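S.K.: Please find entry.cif (mmCIF, C-alpha atoms) on the next line:
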data_structure
loop_
_atom_site.label_atom_id
_atom_site.label_comp_id
_atom_site.auth_asym_id
_atom_site.auth_seq_id
_atom_site.Cartn_x
_atom_site.Cartn_y
_atom_site.Cartn_z
CA MET C 22 -7.44 -111.53 30.20
CA SER C 23 -8.66 -114.68 31.94
CA LEU C 24 -6.53 -116.99 34.06
CA ILE C 25 -7.10 -119.88 31.64
CA LYS C 26 -6.10 -117.85 28.56
CA SER C 27 -3.09 -116.37 30.36
CA SER C 28 -2.02 -119.86 31.41
CA PHE C 29 -2.40 -121.17 27.85
CA LEU C 30 -0.39 -118.37 26.23
CA ASN C 31 2.19 -118.46 28.99
CA GLY C 32 2.33 -122.22 28.54
CA ILE C 33 3.82 -121.71 25.08
CA ALA C 34 6.72 -119.73 26.55
CA VAL C 35 7.08 -122.21 29.40
CA ALA C 36 7.17 -125.16 26.98
CA VAL C 37 10.12 -123.56 25.19
CA LYS C 38 11.74 -122.63 28.50
CA VAL C 39 11.30 -126.14 29.89
CA GLY C 40 12.63 -127.74 26.72
CA SER C 41 15.66 -125.44 26.76
CA ALA C 42 16.26 -126.08 30.45
CA MET C 43 16.09 -129.85 29.97
CA ILE C 44 18.68 -129.75 27.21
CA LEU C 45 20.94 -127.44 29.20
CA ASN C 46 20.62 -129.61 32.28
CA LYS C 47 21.88 -132.58 30.30
CA VAL C 48 24.77 -130.57 28.84
CA LEU C 49 25.77 -129.21 32.25
CA ALA C 50 25.44 -132.60 33.95
CA VAL C 51 27.72 -134.23 31.38
CA TYR C 52 30.33 -131.47 31.19
CA VAL C 53 30.57 -130.20 34.78
CA GLY C 54 29.28 -133.03 37.03
CA PRO C 55 27.65 -132.71 40.50
CA ALA C 56 30.42 -130.56 41.98
CA GLY C 57 30.36 -128.15 39.05
CA TYR C 58 26.57 -128.07 39.20
CA ALA C 59 26.80 -126.90 42.81
CA MET C 60 29.15 -124.07 41.78
CA ILE C 61 26.75 -123.05 39.01
CA GLY C 62 24.01 -122.83 41.64
CA GLN C 63 26.19 -120.54 43.74
CA PHE C 64 26.88 -118.31 40.76
CA GLN C 65 23.21 -118.12 39.78
CA ASN C 66 22.34 -117.08 43.33
CA ALA C 67 25.05 -114.40 43.18
CA LEU C 68 23.49 -113.16 39.93
CA ALA C 69 20.06 -113.05 41.61
CA VAL C 70 21.46 -111.03 44.52
CA ALA C 71 23.22 -108.65 42.13
CA LEU C 72 20.04 -108.06 40.16
CA SER C 73 18.06 -107.43 43.31
CA VAL C 74 20.57 -104.87 44.55
CA GLY C 75 20.64 -103.44 41.04
CA GLY C 76 16.97 -102.52 41.03
CA GLY C 77 15.48 -105.78 39.78
CA VAL C 78 13.31 -105.81 42.88
CA LEU C 79 11.28 -102.92 41.46
CA GLY C 80 9.67 -105.24 38.90
CA PRO C 81 6.51 -106.07 40.90
CA GLY C 82 6.05 -102.39 41.76
CA ILE C 83 6.40 -101.39 38.10
CA THR C 84 3.93 -104.07 37.04
CA LYS C 85 1.41 -103.13 39.72
CA GLY C 86 1.80 -99.38 39.13
CA THR C 87 1.46 -99.73 35.36
CA ALA C 88 -1.69 -101.83 35.77
CA GLN C 89 -3.10 -99.61 38.51
CA HIS C 90 -2.66 -96.42 36.41
CA PHE C 91 -4.02 -98.06 33.24
CA ASP C 92 -6.15 -94.96 32.48
CA ASP C 93 -3.43 -92.41 33.28
CA VAL C 94 -0.67 -92.56 30.66
CA LYS C 95 1.19 -89.59 32.11
CA GLN C 96 1.46 -91.25 35.51
CA GLN C 97 2.67 -94.46 33.87
CA HIS C 98 5.48 -92.54 32.16
CA ILE C 99 6.49 -90.88 35.42
CA LEU C 100 6.58 -94.32 37.04
CA TRP C 101 8.79 -95.73 34.28
CA GLN C 102 11.14 -92.74 34.31
CA THR C 103 11.61 -92.93 38.04
CA ALA C 104 12.11 -96.70 37.94
CA ILE C 105 14.76 -96.70 35.23
CA LYS C 106 16.86 -94.03 36.94
CA LEU C 107 16.72 -95.88 40.25
CA THR C 108 17.52 -99.14 38.47
CA LEU C 109 20.49 -97.85 36.49
CA SER C 110 21.98 -96.01 39.47
CA ALA C 111 21.89 -99.11 41.66
CA THR C 112 22.96 -101.46 38.86
CA LEU C 113 26.04 -99.45 37.99
CA LEU C 114 27.12 -99.61 41.64
CA ALA C 115 26.62 -103.38 41.68
CA SER C 116 28.52 -103.70 38.38
CA LEU C 117 31.52 -101.81 39.70
CA THR C 118 31.53 -103.94 42.84
CA PHE C 119 31.76 -107.17 40.81
CA ILE C 120 34.39 -105.79 38.43
CA ILE C 121 36.64 -104.41 41.16
CA GLY C 122 36.21 -107.38 43.50
CA HIS C 123 36.17 -110.14 40.89
CA GLN C 124 39.02 -112.13 42.43
CA TRP C 125 37.50 -111.96 45.91
CA PHE C 126 34.12 -113.16 44.64
CA SER C 127 35.78 -116.01 42.76
CA GLY C 128 37.54 -117.28 45.85
CA ARG C 129 34.70 -116.63 48.28
CA LEU C 130 31.71 -117.89 46.30
CA LEU C 131 33.21 -120.52 44.02
CA GLU C 132 36.28 -121.47 46.07
CA ARG C 133 38.31 -121.16 42.88
CA ALA C 134 41.00 -118.59 42.09
CA ASP C 135 40.72 -118.95 38.32
CA MET C 136 37.11 -117.80 37.81
CA GLY C 137 37.48 -114.08 38.46
CA THR C 138 36.84 -113.01 34.88
CA VAL C 139 33.30 -114.46 34.93
CA PHE C 140 32.46 -111.87 37.58
CA ILE C 141 33.87 -109.16 35.31
CA GLY C 142 31.53 -110.45 32.60
CA LEU C 143 28.67 -110.37 35.08
CA GLY C 144 29.45 -106.79 36.03
CA LEU C 145 29.47 -105.68 32.40
CA ALA C 146 26.21 -107.47 31.62
CA LEU C 147 24.21 -106.33 34.66
CA PRO C 148 22.90 -102.99 33.28
CA ALA C 149 21.48 -104.66 30.15
CA ILE C 150 19.89 -107.45 32.21
CA ALA C 151 18.33 -104.90 34.58
CA VAL C 152 16.85 -102.81 31.75
CA ASN C 153 15.46 -105.94 30.09
CA ASN C 154 13.74 -106.95 33.34
CA LEU C 155 12.31 -103.43 33.68
CA LEU C 156 10.85 -103.58 30.15
CA LEU C 157 9.32 -106.99 30.88
CA ALA C 158 7.70 -105.57 34.04
CA ILE C 159 6.20 -102.71 31.99
CA ILE C 160 4.94 -105.15 29.34
CA ASN C 161 3.39 -107.29 32.07
CA GLY C 162 1.67 -104.28 33.62
CA LYS C 163 0.28 -103.27 30.20
CA LYS C 164 -1.04 -106.86 29.86
CA GLU C 165 0.68 -107.26 26.49
CA VAL C 166 0.75 -111.02 26.80
CA SER C 167 1.87 -111.71 23.23
CA ILE C 168 5.00 -109.55 23.64
CA TYR C 169 5.67 -110.99 27.08
CA VAL C 170 5.45 -114.54 25.74
CA SER C 171 7.57 -113.76 22.67
CA ALA C 172 10.29 -112.07 24.74
CA ASN C 173 10.47 -115.03 27.10
CA ILE C 174 10.69 -117.51 24.21
CA ILE C 175 13.53 -115.59 22.57
CA GLY C 176 15.32 -115.29 25.93
CA SER C 177 15.07 -119.04 26.48
CA LEU C 178 16.41 -119.86 23.02
CA LEU C 179 19.30 -117.40 23.39
CA SER C 180 20.19 -118.93 26.75
CA LEU C 181 20.12 -122.41 25.24
CA ILE C 182 22.43 -121.43 22.39
CA VAL C 183 24.91 -119.34 24.39
CA VAL C 184 25.12 -121.52 27.50
CA GLY C 185 25.17 -124.76 25.53
CA THR C 186 27.88 -123.57 23.16
CA LEU C 187 30.18 -122.03 25.77
CA THR C 188 29.77 -125.02 28.10
CA TYR C 189 30.76 -127.37 25.28
CA LEU C 190 33.76 -125.20 24.40
CA GLY C 191 34.87 -124.10 27.86
CA GLY C 192 33.46 -126.53 30.42
CA LEU C 193 32.64 -125.01 33.81
CA TYR C 194 34.26 -121.67 32.99
CA GLY C 195 32.28 -121.40 29.76
CA ALA C 196 29.05 -122.29 31.54
CA LEU C 197 29.55 -119.62 34.21
CA LEU C 198 30.49 -116.94 31.67
CA ALA C 199 27.47 -117.80 29.52
CA ILE C 200 25.09 -117.63 32.50
CA ALA C 201 26.46 -114.16 33.20
CA ILE C 202 26.11 -112.71 29.71
CA SER C 203 23.25 -114.57 27.98
CA PRO C 204 20.39 -112.69 29.77
CA ALA C 205 21.84 -109.39 28.55
CA ALA C 206 21.39 -110.43 24.91
CA ALA C 207 17.64 -110.74 25.46
CA LEU C 208 17.41 -106.94 25.82
CA LEU C 209 17.75 -106.47 22.05
CA ALA C 210 14.81 -108.78 21.37
CA THR C 211 12.60 -107.28 24.09
CA ALA C 212 13.33 -103.71 22.95
CA ALA C 213 12.58 -104.60 19.32
CA LEU C 214 9.26 -106.20 20.25
CA VAL C 215 8.01 -103.42 22.53
CA SER C 216 9.10 -100.63 20.15
CA ARG C 217 6.40 -101.76 17.73
CA ARG C 218 3.63 -100.79 20.14
CA ALA C 219 2.06 -97.34 19.85
CA TRP C 220 2.02 -96.89 23.64
CA PHE C 221 5.82 -97.19 23.91
CA LYS C 222 8.65 -94.90 22.93
CA ALA C 223 12.18 -94.88 24.32
CA ALA C 224 11.66 -91.23 25.28
CA PHE C 225 8.95 -92.32 27.73
CA LEU C 226 11.68 -93.92 29.87
CA TRP C 227 13.61 -90.73 30.45
CA GLY C 228 12.48 -87.76 32.48
CA LYS C 229 12.26 -86.36 35.98
CA VAL C 230 12.22 -88.40 39.16
CA GLU C 231 9.09 -87.73 41.18
CA ARG C 232 9.31 -88.13 44.95
CA SER C 233 5.80 -89.50 45.32
CA THR C 234 6.61 -92.19 42.76
CA VAL C 235 9.83 -93.03 44.59
CA ARG C 236 7.74 -93.57 47.72
CA GLU C 237 5.28 -95.68 45.71
CA LEU C 238 8.10 -97.88 44.45
CA SER C 239 10.07 -97.95 47.68
CA GLY C 240 7.62 -100.26 49.45
CA PHE C 241 7.76 -102.74 46.59
CA GLY C 242 11.50 -102.23 46.39
CA LEU C 243 11.91 -103.15 50.04
CA MET C 244 9.68 -106.21 49.69
CA GLY C 245 11.38 -107.30 46.49
CA LEU C 246 14.86 -106.65 47.90
CA THR C 247 14.09 -108.70 50.99
CA SER C 248 12.75 -111.61 48.95
CA ALA C 249 15.43 -111.42 46.27
CA LEU C 250 18.22 -111.25 48.85
CA MET C 251 17.01 -113.64 51.52
CA ALA C 252 16.11 -116.55 49.23
CA PRO C 253 19.42 -116.71 47.30
CA LEU C 254 21.45 -116.05 50.44
CA SER C 255 19.70 -118.84 52.33
CA TYR C 256 20.33 -121.19 49.38
CA MET C 257 23.99 -120.21 49.35
CA PHE C 258 24.32 -120.88 53.08
CA ILE C 259 22.51 -124.21 52.67
CA ARG C 260 24.78 -125.17 49.78
CA ASN C 261 27.86 -124.27 51.83
CA HIS C 262 26.53 -126.31 54.77
CA LEU C 263 25.91 -129.35 52.56
CA SER C 264 29.33 -129.00 50.97
CA ALA C 265 31.07 -128.71 54.35
CA THR C 266 29.21 -131.56 56.06
CA LEU C 267 28.22 -133.98 53.27
CA GLY C 268 30.55 -133.00 50.43
CA LEU C 269 30.36 -130.83 47.31
CA ASP C 270 28.67 -133.62 45.35
CA ALA C 271 25.81 -133.67 47.90
CA ALA C 272 25.34 -129.94 47.33
CA GLY C 273 25.17 -130.73 43.61
CA TYR C 274 22.47 -133.37 44.16
CA TRP C 275 20.33 -130.85 46.03
CA GLN C 276 20.95 -128.18 43.39
CA ALA C 277 19.84 -130.64 40.70
CA SER C 278 16.61 -131.54 42.55
CA TRP C 279 15.93 -127.84 43.07
CA LYS C 280 16.44 -127.18 39.36
CA ILE C 281 13.89 -129.88 38.49
CA SER C 282 11.35 -128.15 40.73
CA GLU C 283 12.05 -124.83 39.04
CA ILE C 284 11.57 -126.36 35.60
CA TYR C 285 8.23 -128.06 36.11
CA LEU C 286 6.80 -125.25 38.26
CA MET C 287 7.58 -122.59 35.63
CA LEU C 288 4.08 -122.58 34.19
CA VAL C 289 2.59 -121.86 37.60
CA THR C 290 5.12 -119.31 38.85
CA LEU C 291 5.23 -117.32 35.60
CA THR C 292 1.43 -117.32 35.34
CA LEU C 293 1.16 -116.02 38.89
CA SER C 294 3.52 -113.18 37.99
CA MET C 295 1.88 -112.43 34.65
CA TYR C 296 -1.82 -112.74 35.57
CA TYR C 297 -2.24 -112.85 39.33
CA LEU C 298 -0.13 -109.91 40.51
CA PRO C 299 -1.68 -107.32 38.14
CA ARG C 300 -5.12 -108.76 38.94
CA ILE C 301 -4.65 -108.31 42.69
CA ALA C 302 -3.66 -104.68 42.08
CA GLU C 303 -7.07 -104.04 40.52
CA ILE C 304 -9.17 -105.65 43.26
CA LYS C 305 -10.89 -103.33 45.73
CA SER C 306 -13.40 -105.47 47.62
CA ARG C 307 -13.09 -108.42 49.99
CA LEU C 308 -15.58 -110.58 48.09
CA GLU C 309 -13.78 -110.01 44.81
CA LEU C 310 -10.44 -110.93 46.39
CA LYS C 311 -11.90 -114.07 47.95
CA ALA C 312 -13.39 -115.16 44.62
CA GLU C 313 -10.05 -114.61 42.89
CA ILE C 314 -8.17 -116.68 45.49
CA ILE C 315 -10.65 -119.56 45.15
CA LYS C 316 -10.42 -119.41 41.34
CA VAL C 317 -6.63 -119.50 41.34
CA TYR C 318 -6.51 -122.34 43.86
CA SER C 319 -9.04 -124.38 41.86
CA VAL C 320 -6.96 -124.06 38.68
CA VAL C 321 -3.38 -124.00 39.94
CA LEU C 322 -3.20 -126.40 42.88
CA PRO C 323 -4.57 -129.51 41.08
CA ILE C 324 -2.02 -128.93 38.30
CA VAL C 325 0.82 -128.72 40.80
CA ILE C 326 -0.30 -131.83 42.69
CA VAL C 327 -0.53 -133.92 39.51
CA ALA C 328 2.84 -132.62 38.27
CA ALA C 329 4.53 -133.32 41.63
CA VAL C 330 3.18 -136.89 41.71
CA VAL C 331 4.38 -137.49 38.15
CA MET C 332 7.82 -136.12 39.01
CA TYR C 333 8.06 -138.49 41.96
CA LEU C 334 6.91 -141.55 40.02
CA LEU C 335 9.33 -140.81 37.16
CA ARG C 336 12.24 -139.84 39.42
CA ASP C 337 14.65 -142.50 38.11
CA PHE C 338 13.80 -141.75 34.49
CA ILE C 339 14.18 -137.99 35.06
CA THR C 340 17.51 -138.38 36.82
CA ALA C 341 18.90 -140.54 34.02
CA ARG C 342 17.58 -138.42 31.15
CA LEU C 343 18.05 -134.90 32.48
CA PHE C 344 21.32 -135.53 34.29
CA SER C 345 23.60 -138.55 34.38
CA SER C 346 24.36 -141.65 36.45
CA ALA C 347 26.61 -139.49 38.64
CA PHE C 348 23.45 -137.82 39.99
CA ALA C 349 21.71 -141.09 40.98
CA PRO C 350 21.73 -140.34 44.77
CA MET C 351 19.38 -137.38 44.20
CA ARG C 352 16.47 -139.83 43.74
CA ASP C 353 16.20 -139.96 47.55
CA LEU C 354 15.20 -136.27 47.59
CA PHE C 355 12.17 -136.52 45.30
CA PHE C 356 9.43 -137.39 47.81
CA TRP C 357 10.04 -134.50 50.18
CA GLN C 358 11.02 -132.13 47.37
CA SER C 359 7.75 -132.82 45.51
CA THR C 360 5.77 -132.41 48.74
CA GLY C 361 7.53 -129.11 49.37
CA ASP C 362 6.69 -127.93 45.84
CA ILE C 363 2.96 -128.40 46.48
CA LEU C 364 3.16 -126.58 49.81
CA LYS C 365 5.27 -123.82 48.24
CA ILE C 366 2.77 -122.98 45.50
CA GLY C 367 -0.14 -123.24 47.94
CA SER C 368 1.52 -120.66 50.18
CA TRP C 369 2.66 -118.43 47.31
CA ILE C 370 -0.90 -117.95 46.09
CA LEU C 371 -1.56 -116.22 49.40
CA SER C 372 1.81 -114.49 49.76
CA TYR C 373 1.25 -112.70 46.41
CA ILE C 374 -1.60 -110.88 48.13
CA LEU C 375 0.87 -109.38 50.62
CA LEU C 376 3.00 -108.28 47.68
CA GLY C 377 0.13 -107.02 45.51
CA ARG C 378 -1.47 -105.06 48.33
CA ALA C 379 1.85 -103.58 49.48
CA MET C 380 1.77 -105.06 52.99
CA VAL C 381 5.42 -104.12 53.37
CA ARG C 382 6.24 -104.68 57.03
CA ILE C 383 4.55 -108.08 57.30
CA PHE C 384 6.00 -109.28 54.00
CA VAL C 385 9.55 -108.31 54.99
CA ILE C 386 9.30 -109.93 58.42
CA THR C 387 7.94 -113.22 57.08
CA GLU C 388 10.48 -113.41 54.24
CA ILE C 389 13.39 -112.93 56.63
CA ALA C 390 11.99 -115.30 59.24
CA PHE C 391 11.25 -118.17 56.87
CA SER C 392 14.53 -117.83 54.96
CA ILE C 393 16.37 -118.18 58.23
CA SER C 394 14.15 -121.05 59.38
CA PHE C 395 14.81 -122.94 56.12
CA TYR C 396 18.54 -122.82 56.81
CA LEU C 397 18.15 -123.76 60.48
CA LEU C 398 15.80 -126.64 59.66
CA THR C 399 18.29 -127.85 57.06
CA VAL C 400 21.11 -127.88 59.59
CA ALA C 401 18.96 -129.74 62.11
CA PHE C 402 17.49 -132.28 59.67
CA THR C 403 20.65 -133.05 57.70
CA SER C 404 22.53 -133.84 60.92
CA ARG C 405 20.00 -136.62 61.53
CA TYR C 406 18.73 -137.67 58.10
CA GLY C 407 21.64 -136.81 55.81
CA ILE C 408 20.98 -135.38 52.35
CA GLN C 409 17.23 -136.10 52.63
CA GLY C 410 17.10 -133.62 55.49
CA VAL C 411 17.38 -130.59 53.19
CA ALA C 412 14.26 -131.65 51.25
CA MET C 413 12.43 -132.41 54.50
CA ALA C 414 13.34 -128.94 55.76
CA TYR C 415 11.98 -127.45 52.53
CA ALA C 416 8.60 -129.15 52.97
CA CYS C 417 8.27 -128.35 56.67
CA ASN C 418 9.24 -124.73 56.13
CA TYR C 419 6.58 -124.15 53.49
CA LEU C 420 3.93 -125.94 55.53
CA ALA C 421 4.49 -123.42 58.32
CA TYR C 422 4.68 -120.56 55.80
CA TRP C 423 1.32 -121.52 54.30
CA ALA C 424 -0.31 -121.54 57.72
CA ILE C 425 1.05 -118.07 58.53
CA MET C 426 0.00 -116.70 55.13
CA ALA C 427 -3.55 -118.01 55.67
CA ILE C 428 -3.80 -116.13 58.96
CA LEU C 429 -2.38 -112.90 57.50
CA VAL C 430 -4.62 -112.93 54.41
CA LYS C 431 -7.69 -113.67 56.54
CA ASN C 432 -6.89 -110.62 58.68
CA GLU C 433 -6.37 -108.48 55.56
CA MET C 434 -9.73 -109.51 54.18
CA LYS C 435 -11.40 -108.57 57.46
CA ARG C 436 -9.69 -105.19 57.26
CA MET C 437 -10.97 -104.71 53.70
CA GLU C 438 -14.49 -105.54 54.78
CA THR C 439 -14.31 -103.00 57.64
CA SER C 440 -12.81 -100.23 55.48
CA HIS C 441 -15.59 -100.60 52.90
CA ALA C 442 -18.40 -100.93 55.40
#
Output the file's structure in the form of structure tokens.
M.R.:
Amino acid sequence: MSLIKSSFLNGIAVAVKVGSAMILNKVLAVYVGPAGYAMIGQFQNALAVALSVGGGVLGPGITKGTAQHFDDVKQQHILWQTAIKLTLSATLLASLTFIIGHQWFSGRLLERADMGTVFIGLGLALPAIAVNNLLLAIINGKKEVSIYVSANIIGSLLSLIVVGTLTYLGGLYGALLAIAISPAAALLATAALVSRRAWFKAAFLWGKVERSTVRELSGFGLMGLTSALMAPLSYMFIRNHLSATLGLDAAGYWQASWKISEIYLMLVTLTLSMYYLPRIAEIKSRLELKAEIIKVYSVVLPIVIVAAVVMYLLRDFITARLFSSAFAPMRDLFFWQSTGDILKIGSWILSYILLGRAMVRIFVITEIAFSISFYLLTVAFTSRYGIQGVAMAYACNYLAYWAIMAILVKNEMKRMETSHA
């Protein structure tokens, strides 16, 4: 499937996701305020870490392996069987950790003693969320775009209903509980959709664990674990730093600006995951890889630049409509945040090559290094420029990341040319 067609179909799911996110942002802004918004960000990062530890990091490896073995159904089934056992084993451990330590997590992450039960809810929901993500990775690898789009639409609508309702009824507590449990409900929809395909049966997910497949997934697991851990952890440290030095409301302003970036960049990031990663797995020659990079840049980057400029020009309107007057100070973050968004996507187009070609050691080193540098730049810049410093650090960090990715991909392409000479 072409990049344009993938983007169009994915755009349908993104439109629903963006619409849902905009409504939820307004609900959360009204009912929890900037300080509550910061706590929601902390909890979402904790969920991301839990899913990564619980096997969610295997997703790219499952997608790549499924696409790579497109003509070997038996090998696909072995891959799925190995992945689900690894996923469930790790997820159950993570679930028990949250259930047993719910009070500690409440005090440590949210600085509240009365939110422990939301971590119990998270622990109970984790296995279902992990299995849903695994099924989506399989669907992506099989290039079943219609199912992938439908599952994402249903997931977005379920999140809107559950999070909106519980936030209205229970305020911050309801919002946190809904964020924990709503992704689990999407498993029923995803399973129902994929069960209609001739290539899928539930029995295909259960069987022996093959050591060679474990090794195949382990590289992706390490890369995914590094990325999935380092990014949320760095955001949590940054949020704590902002809260300690500039106040909890300031952390909420940054979380709100970050959420806006996530919303309008969804079309690009989801398309890269759905089209670009499986495509890279298929590429064997340097010239083909170069052509694919140029094609993706020519389509994706202009879209991101236009979207970022529009976000900046409409910053006051967006702040008022998506949030509330209490979030007005976040307007000062838009210029550097929008600049950082452009640099981020530009660098990600190249970093996906490291992921797709299983360049494990380099990927892990760069993820750790630039997660740490984002935090350190934030500390340095906010001490001088205040709240704007965190957005400036974001832009500067991704400028450096893009430069490093360009060097690494250039070296990889030279290696490909030599190996096929």
S.K.: Using only C-alpha atoms, which residue out of C:Leu145, C:Leu246, C:Val400, C:Ile259 lies closest to Val70 in chain C?
M.R.: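 Checking each of C:Leu145, C:Leu246, C:Val400, C:Ile259 against Val70 in chain C, counting only C-alpha atoms, the winner is C:Leu246.
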S.K.: For the file shown, report as a ChimeraX atom specification the outcome of the PyMOL selection byres ((chain C and resi 397) around 12) at residue level.
M.R.: /C:255-256,258-259,262,390-396,398-404,410-411,413-415,417-418
S.K.: Report the distance between CA of Ala88 in chain C and CA of Val215 in chain C in Å, rounded to one decimal place.
M.R.: 16.5 Å
S.K.: Which residues are near range 195-198 of chain C? Cut-off 8 Å, only C-alpha atoms, ignore same chain within fewer than 2 positions. Put them as a ChimeraX atom specification.
M.R.: /C:49,61,64,139,142-143,184-185,187-193,200-202
S.K.: Quick one: which residues end up in the PyMOL selection byres ((chain C and resi 248-251) around 7) for this structure, as a list in words?
M.R.: Ala69, Val70, Ser73, Val78, Met244, Gly245, Leu246, Thr247, Ala252, Pro253, Leu254, Ser255, Glu388, Ile389 and Ser392 of chain C
S.K.: With 12 Å as the cut-off and all atoms listed in the file counted, what is the closest atom pair between each nearby residue of range 377-432 of chain C and range 334-352 of chain C? Distances in Å to one decimal, ordered by chain and number, as JSON lines.
M.R.:
{"residue": "C:Gly407", "atom": "CA", "partner": "C:Pro350", "partner_atom": "CA", "distance": 11.6}
{"residue": "C:Ile408", "atom": "CA", "partner": "C:Met351", "partner_atom": "CA", "distance": 8.5}
{"residue": "C:Gln409", "atom": "CA", "partner": "C:Met351", "partner_atom": "CA", "distance": 8.8}
{"residue": "C:Val411", "atom": "CA", "partner": "C:Met351", "partner_atom": "CA", "distance": 11.4}
{"residue": "C:Ala412", "atom": "CA", "partner": "C:Met351", "partner_atom": "CA", "distance": 10.4}
S.K.: May I ask for the distance between CA of Met136 in chain C and CA of Ala265 in chain C, given in Å to one decimal place?
M.R.: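 Pair CA of Met136 in chain C / CA of Ala265 in chain C returns 20.7 Å.
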S.K.: Hey, can you check how far CA of Glu313 in chain C sits from CA of Leu293 in chain C?
M.R.: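 Atom-to-atom, CA of Glu313 in chain C to CA of Leu293 in chain C, that is 12.0 Å.
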S.K.: Check what the PyMOL selection byres ((chain C and resi 365) around 9) selects in the file above and give those residues as a PyMOL selection string.
M.R.: chain C and resi 360-364+366-370+415-416+418-420+422-423
S.K.: Which residues are close to Leu113 in chain C, i.e. within 12 Å by all atoms listed in the file, leaving aside same-chain residues fewer than 5 positions away? Reply as a short mmCIF file (atom, residue, chain, number, x, y, z; two decimals) with C-alpha atoms, in the coordinates of the input.
M.R.:
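Written file, out-v5.cif:
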data_model
loop_
_atom_site.label_atom_id
_atom_site.label_comp_id
_atom_site.auth_asym_id
_atom_site.auth_seq_id
_atom_site.Cartn_x
_atom_site.Cartn_y
_atom_site.Cartn_z
CA ALA C 71 23.22 -108.65 42.13
CA LEU C 72 20.04 -108.06 40.16
CA VAL C 74 20.57 -104.87 44.55
CA GLY C 75 20.64 -103.44 41.04
CA GLY C 76 16.97 -102.52 41.03
CA ILE C 105 14.76 -96.70 35.23
CA LYS C 106 16.86 -94.03 36.94
CA LEU C 107 16.72 -95.88 40.25
CA THR C 108 17.52 -99.14 38.47
CA THR C 118 31.53 -103.94 42.84
CA PHE C 119 31.76 -107.17 40.81
CA ILE C 120 34.39 -105.79 38.43
CA LEU C 143 28.67 -110.37 35.08
CA GLY C 144 29.45 -106.79 36.03
CA LEU C 145 29.47 -105.68 32.40
CA ALA C 146 26.21 -107.47 31.62
CA LEU C 147 24.21 -106.33 34.66
CA PRO C 148 22.90 -102.99 33.28
CA ALA C 149 21.48 -104.66 30.15
CA ILE C 150 19.89 -107.45 32.21
CA ALA C 151 18.33 -104.90 34.58
CA VAL C 152 16.85 -102.81 31.75
#
S.K.: Because the input lacks atoms here, generate N, CA and C atoms for range 92-104 of chain C and report them as an mmCIF file, keeping the file's coordinate frame.
M.R.:
data_model
loop_
_atom_site.group_PDB
_atom_site.id
_atom_site.type_symbol
_atom_site.label_atom_id
_atom_site.label_comp_id
_atom_site.auth_asym_id
_atom_site.auth_seq_id
_atom_site.Cartn_x
_atom_site.Cartn_y
_atom_site.Cartn_z
ATOM 1 N N ASP C 92 -5.432 -96.049 33.157
ATOM 2 C CA ASP C 92 -6.150 -94.960 32.480
ATOM 3 C C ASP C 92 -5.437 -93.622 32.605
ATOM 4 N N ASP C 93 -4.186 -93.645 33.084
ATOM 5 C CA ASP C 93 -3.430 -92.410 33.280
ATOM 6 C C ASP C 93 -2.029 -92.605 32.676
ATOM 7 N N VAL C 94 -1.926 -92.332 31.388
ATOM 8 C CA VAL C 94 -0.670 -92.560 30.660
ATOM 9 C C VAL C 94 0.462 -91.710 31.216
ATOM 10 N N LYS C 95 0.162 -90.482 31.581
ATOM 11 C CA LYS C 95 1.190 -89.590 32.110
ATOM 12 C C LYS C 95 1.807 -90.158 33.385
ATOM 13 N N GLN C 96 0.963 -90.680 34.268
ATOM 14 C CA GLN C 96 1.460 -91.250 35.510
ATOM 15 C C GLN C 96 2.276 -92.525 35.253
ATOM 16 N N GLN C 97 1.889 -93.281 34.246
ATOM 17 C CA GLN C 97 2.670 -94.460 33.870
ATOM 18 C C GLN C 97 4.077 -94.048 33.449
ATOM 19 N N HIS C 98 4.172 -92.994 32.632
ATOM 20 C CA HIS C 98 5.480 -92.540 32.160
ATOM 21 C C HIS C 98 6.345 -92.055 33.309
ATOM 22 N N ILE C 99 5.743 -91.341 34.242
ATOM 23 C CA ILE C 99 6.490 -90.880 35.420
ATOM 24 C C ILE C 99 7.016 -92.073 36.206
ATOM 25 N N LEU C 100 6.175 -93.097 36.344
ATOM 26 C CA LEU C 100 6.580 -94.320 37.040
ATOM 27 C C LEU C 100 7.772 -94.968 36.341
ATOM 28 N N TRP C 101 7.708 -95.099 35.028
ATOM 29 C CA TRP C 101 8.790 -95.730 34.280
ATOM 30 C C TRP C 101 10.086 -94.918 34.372
ATOM 31 N N GLN C 102 9.955 -93.609 34.266
ATOM 32 C CA GLN C 102 11.140 -92.740 34.310
ATOM 33 C C GLN C 102 11.837 -92.801 35.660
ATOM 34 N N THR C 103 11.040 -92.828 36.703
ATOM 35 C CA THR C 103 11.610 -92.930 38.040
ATOM 36 C C THR C 103 12.274 -94.290 38.227
ATOM 37 N N ALA C 104 11.605 -95.332 37.759
ATOM 38 C CA ALA C 104 12.110 -96.700 37.940
ATOM 39 C C ALA C 104 13.427 -96.924 37.211
#
